[in-house]
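Undergrad: The structure that follows is given in the form of structure tokens.
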Amino acid sequence: MTLTELRYLIALDKERHFGRAAKRAFVSQPTLSVAVKKLESELGVTVFERNRGEARVTPIGRRIIEQAYRVLGEVSALETVAEQGRDELKGALRLGVIYTVGPYLLPHLIPRLRESCPEMPLVIEENLTGNLTQQLRNNELDAVIVAMPYDVSGMALWPIYNEGFVVVMPQQHSWVAREAIEPDDLAQENLLLLGPGHCFRDQVLNLCAECRESDEASRTRSGSSLETIRHMVASGLGITVLPRSSIPNLSEESRLLETRPFAGATPQRQIAIAWRRSFPRPRAITALRDAVMQCDPAGVELLTEAQAHNVDDGFQDAS
């Protein structure tokens with residue numbers, strides 16, 4: 001059994017097709033097929049059912065693949081320990097970011113991190129929180145930037161900023177005459193939201209009980225990204241709620257849009273860095289946080305280290 005064979009198993013698990021898995025592993029299909037067959041023979045079990053190039057994981061195969069992830073994760077950690085023992089700020093940092101943060105934070109973050117840590121480039125993955133968490137657990141990512149609450153066993157957290165929400169509407173909307181919008185009034189309009197699986201969608205729905213009921217009745221329209229939703233609002237399809245960091249990014253269509261704050265206390269979310277407690281490069285996490293602090297994204301409240309200690313479970317190990 002070799003590490004290469006385990007990597008082929010994981011490639012096949014991700015693609016569920018021998019041809020695509022071979023391309024992912026940068027080998028020929030026969031090479032991958034023979035290696036997987038050899039490993040199955042050595043283990044004495046069938047890991048994948050075959051059907052015209054397609055591959056389906058067997059129950060015992062799933063347990064073997066999960067163990068393969070752990071083995072390769074430990075190998076990666078060993079390699080990281082060896083290299084980062086020389087310099088924790090040298091070598092790529094694999095960073096996951098949720099969709100509603102990436103487009104607005106990364107353009108500011110990367111130049112500052114490039115300046116402060118020129119030998120630590122970012123390998124970036126934008127995805128849903130659940131997918132990023134799984135990749136973090138599998139050691140496919142080193143750290144993630146997500147919205148709180150984030151209660152995941154084995155992870156450490158460092159809150160970095162709070163961000164308020166604003167209501168966005170077409171310029172000719174009747175609400176333009178208002179100075180502020182009551183959260184319950186959202187249910188009176190065609191509210192455009194991200195699709196299921198996005199934490200920001202749930203945060204907006206939590207503002208208005210009737211909105212959640214409408215959503216459960218499948219009356220709420222969904223968009224694939226905040227940018228797409230903004231375009232639909234500009235076209236006159238409805239209204240939406242956006243995080244403040246996305247507002248300065250409004251393009252020429254901004255003349256078609258108006259924003260209003262919420263009445264009363266401003267709804268907000270908290271954004272944090274999360275990483276495995278066993279991650280061997282703590283200085284890299286500190287450098288990432290420091291670079292965010294230098295960004296000062298528009299419309300957010302950066303949290304000092306003291307504030308991070310005092311917010312929820314901030315800067316503490318999750319359990």
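So you can find residues: chains in the structure tokens are A, B, ... in the order shown, residues in each start at 1, and ligands are numbered from 1 in order.
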For stretch 261-264 of chain A, list every protein, DNA or RNA residue within 8 Å, evaluated using only C-alpha atoms, and leave out those in the same chain fewer than 6 positions away; present the list as a list in words.
TA: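 Once the nearby chain positions are removed, what remains is Phe165, Val166, Val167, Glu179, Ala180, Ile181, Glu182 and Pro183 of chain A.
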Undergrad: I'd like the contact shell of stretch 202-215 of chain A - 12 Å cut-off, only C-alpha atoms, skipping same-chain residues fewer than 4 positions apart - returned as a VMD selection string.
TA: chain A and resid 147 to 149 164 to 167 181 to 198 219 to 222 240 to 243 262 to 263 265 to 270
Undergrad: Nearest residue to A:Arg62 out of A:Gln29, A:Gln171, A:Thr46, A:Ser76, using only C-alpha atoms?
TA: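 Among the listed residues, the smallest separation from A:Arg62 belongs to A:Thr46.
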Undergrad: Go through stretch 103-182 of chain A residue by residue and, counting only C-alpha atoms, keep those with an atom at most 12 Å from stretch 64-69 of chain A; for each kept residue give the shortest atom pair and its distance in Å to one decimal, ordered by chain and increasing number, as a Markdown table.
TA:
```
| residue | atom | partner | partner_atom | distance |
| --- | --- | --- | --- | --- |
| A:Gln134 | CA | A:Tyr69 | CA | 11.2 |
| A:Gln135 | CA | A:Tyr69 | CA | 10.3 |
| A:Leu136 | CA | A:Tyr69 | CA | 11.5 |
| A:Arg137 | CA | A:Tyr69 | CA | 9.5 |
| A:Asn138 | CA | A:Tyr69 | CA | 6.1 |
| A:Asn139 | CA | A:Tyr69 | CA | 8.0 |
| A:Glu140 | CA | A:Tyr69 | CA | 9.2 |
```
Undergrad: May I ask which of the residues A:Met169, A:Val176, A:Ala77, A:Leu128 is the closest one to A:Arg201, counting only C-alpha atoms?
TA: A:Leu128
Undergrad: Among stretch 7-165 of chain A, which ones does DSSP place in helix (DSSP H, G or I), written as a PyMOL selection string?
TA: chain A and resi 7-15+18-25+29-43+59-84+102-116+129-137
Undergrad: Identify, with DSSP run on backbone atoms, the residues in stretch 149-317 of chain A assigned to strand (DSSP E), and express the list as number ranges by chain.
TA: A: 155-170, 192-194, 221-223, 240-243, 257-260, 268-276, 300-302
Undergrad: For A:Tyr150, which residue among A:Ile271, A:Ala92, A:Leu43, A:Val97 is the nearest when counting only C-alpha atoms?
TA: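 Looking at the shortest contact to A:Tyr150, the residue is A:Ile271.
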Undergrad: Per residue of stretch 111-224 of chain A within 9 Å of stretch 296-303 of chain A, what are the shortest atom pair and its distance in Å to one decimal, counting only C-alpha atoms, with rows by chain and residue number, as a Markdown table?
TA:
```
| residue | atom | partner | partner_atom | distance |
| --- | --- | --- | --- | --- |
| A:Pro159 | CA | A:Leu303 | CA | 7.1 |
| A:Ile160 | CA | A:Leu303 | CA | 5.3 |
| A:Tyr161 | CA | A:Leu302 | CA | 4.3 |
| A:Asn162 | CA | A:Glu301 | CA | 5.0 |
| A:Glu163 | CA | A:Val300 | CA | 4.6 |
| A:Gly164 | CA | A:Val300 | CA | 7.0 |
```
Undergrad: Save out the residues we just selected, all heavy atoms, as a tab-separated table (two decimals), in the first residue's frame.
TA:
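As written to disk, selection-v4.tsv reads:
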```tsv
chain	number	residue	atom	x	y	z
A	159	PRO	N	-12.87	35.80	16.33
A	159	PRO	CA	-13.74	36.81	15.72
A	159	PRO	C	-12.92	37.99	15.22
A	159	PRO	O	-12.01	38.44	15.90
A	159	PRO	CB	-14.67	37.21	16.86
A	159	PRO	CG	-14.66	36.03	17.79
A	159	PRO	CD	-13.26	35.50	17.72
A	160	ILE	N	-13.25	38.50	14.02
A	160	ILE	CA	-12.46	39.59	13.45
A	160	ILE	C	-13.26	40.86	13.19
A	160	ILE	O	-12.73	41.96	13.30
A	160	ILE	CB	-11.75	39.14	12.15
A	160	ILE	CG1	-12.72	38.41	11.21
A	160	ILE	CG2	-10.55	38.27	12.46
A	160	ILE	CD1	-12.11	37.96	9.89
A	161	TYR	N	-14.55	40.74	12.85
A	161	TYR	CA	-15.33	41.97	12.72
A	161	TYR	C	-16.83	41.68	12.77
A	161	TYR	O	-17.28	40.56	12.53
A	161	TYR	CB	-14.99	42.73	11.43
A	161	TYR	CG	-15.27	42.05	10.11
A	161	TYR	CD1	-16.56	42.03	9.55
A	161	TYR	CD2	-14.24	41.48	9.36
A	161	TYR	CE1	-16.80	41.45	8.32
A	161	TYR	CE2	-14.48	40.90	8.12
A	161	TYR	CZ	-15.74	40.88	7.61
A	161	TYR	OH	-16.00	40.30	6.37
A	162	ASN	N	-17.58	42.73	13.14
A	162	ASN	CA	-19.04	42.72	13.09
A	162	ASN	C	-19.48	43.54	11.88
A	162	ASN	O	-18.83	44.52	11.51
A	162	ASN	CB	-19.64	43.34	14.35
A	162	ASN	CG	-19.36	42.51	15.59
A	162	ASN	OD1	-19.21	41.30	15.51
A	162	ASN	ND2	-19.28	43.16	16.75
A	163	GLU	N	-20.60	43.14	11.30
A	163	GLU	CA	-21.07	43.80	10.08
A	163	GLU	C	-22.58	43.93	10.09
A	163	GLU	O	-23.30	42.94	10.27
A	163	GLU	CB	-20.62	42.99	8.86
A	163	GLU	CG	-21.10	43.52	7.54
A	163	GLU	CD	-20.55	42.73	6.37
A	163	GLU	OE1	-20.31	41.51	6.51
A	163	GLU	OE2	-20.37	43.34	5.30
A	164	GLY	N	-23.08	45.14	9.92
A	164	GLY	CA	-24.51	45.37	9.90
A	164	GLY	C	-25.14	45.06	8.55
A	164	GLY	O	-24.46	44.92	7.54
```
Undergrad: If we count only C-alpha atoms, what is near A:Arg276 at a cut-off of 7 Å, once residues fewer than 4 positions away on the same chain are taken out, given as a list in words?
TA: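 Once the nearby chain positions are removed, what remains is Gly154, Met155 and Ala156 of chain A.
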Undergrad: Emit the selected residues as a PDB file, in the first residue's frame, including all heavy atoms.
TA:
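The file below, again34.pdb, is the result:
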```pdb
ATOM      1  N   GLY A 154     -13.234  20.616  17.847  1.00  0.00           N
ATOM      2  CA  GLY A 154     -11.847  20.555  17.408  1.00  0.00           C
ATOM      3  C   GLY A 154     -11.338  21.811  16.747  1.00  0.00           C
ATOM      4  O   GLY A 154     -10.186  21.858  16.307  1.00  0.00           O
ATOM      5  N   MET A 155     -12.176  22.853  16.647  1.00  0.00           N
ATOM      6  CA  MET A 155     -11.782  24.084  15.971  1.00  0.00           C
ATOM      7  C   MET A 155     -11.560  25.219  16.970  1.00  0.00           C
ATOM      8  O   MET A 155     -12.223  25.315  17.995  1.00  0.00           O
ATOM      9  CB  MET A 155     -12.848  24.505  14.955  1.00  0.00           C
ATOM     10  CG  MET A 155     -13.161  23.470  13.894  1.00  0.00           C
ATOM     11  SD  MET A 155     -11.728  23.026  12.906  1.00  0.00           S
ATOM     12  CE  MET A 155     -12.370  21.572  12.041  1.00  0.00           C
ATOM     13  N   ALA A 156     -10.611  26.090  16.643  1.00  0.00           N
ATOM     14  CA  ALA A 156     -10.392  27.329  17.388  1.00  0.00           C
ATOM     15  C   ALA A 156     -10.983  28.478  16.588  1.00  0.00           C
ATOM     16  O   ALA A 156     -11.075  28.404  15.349  1.00  0.00           O
ATOM     17  CB  ALA A 156      -8.901  27.554  17.623  1.00  0.00           C
TER      18      ALA A 156
END
```
Undergrad: Need to verify the contact set: stretch 293-295 of chain A, 10 Å, only C-alpha atoms, exclusion of same-chain residues closer than 6 positions in sequence. Can you return it as a VMD selection string?
TA: chain A and resid 105 to 113 160 to 161 287 302 to 304
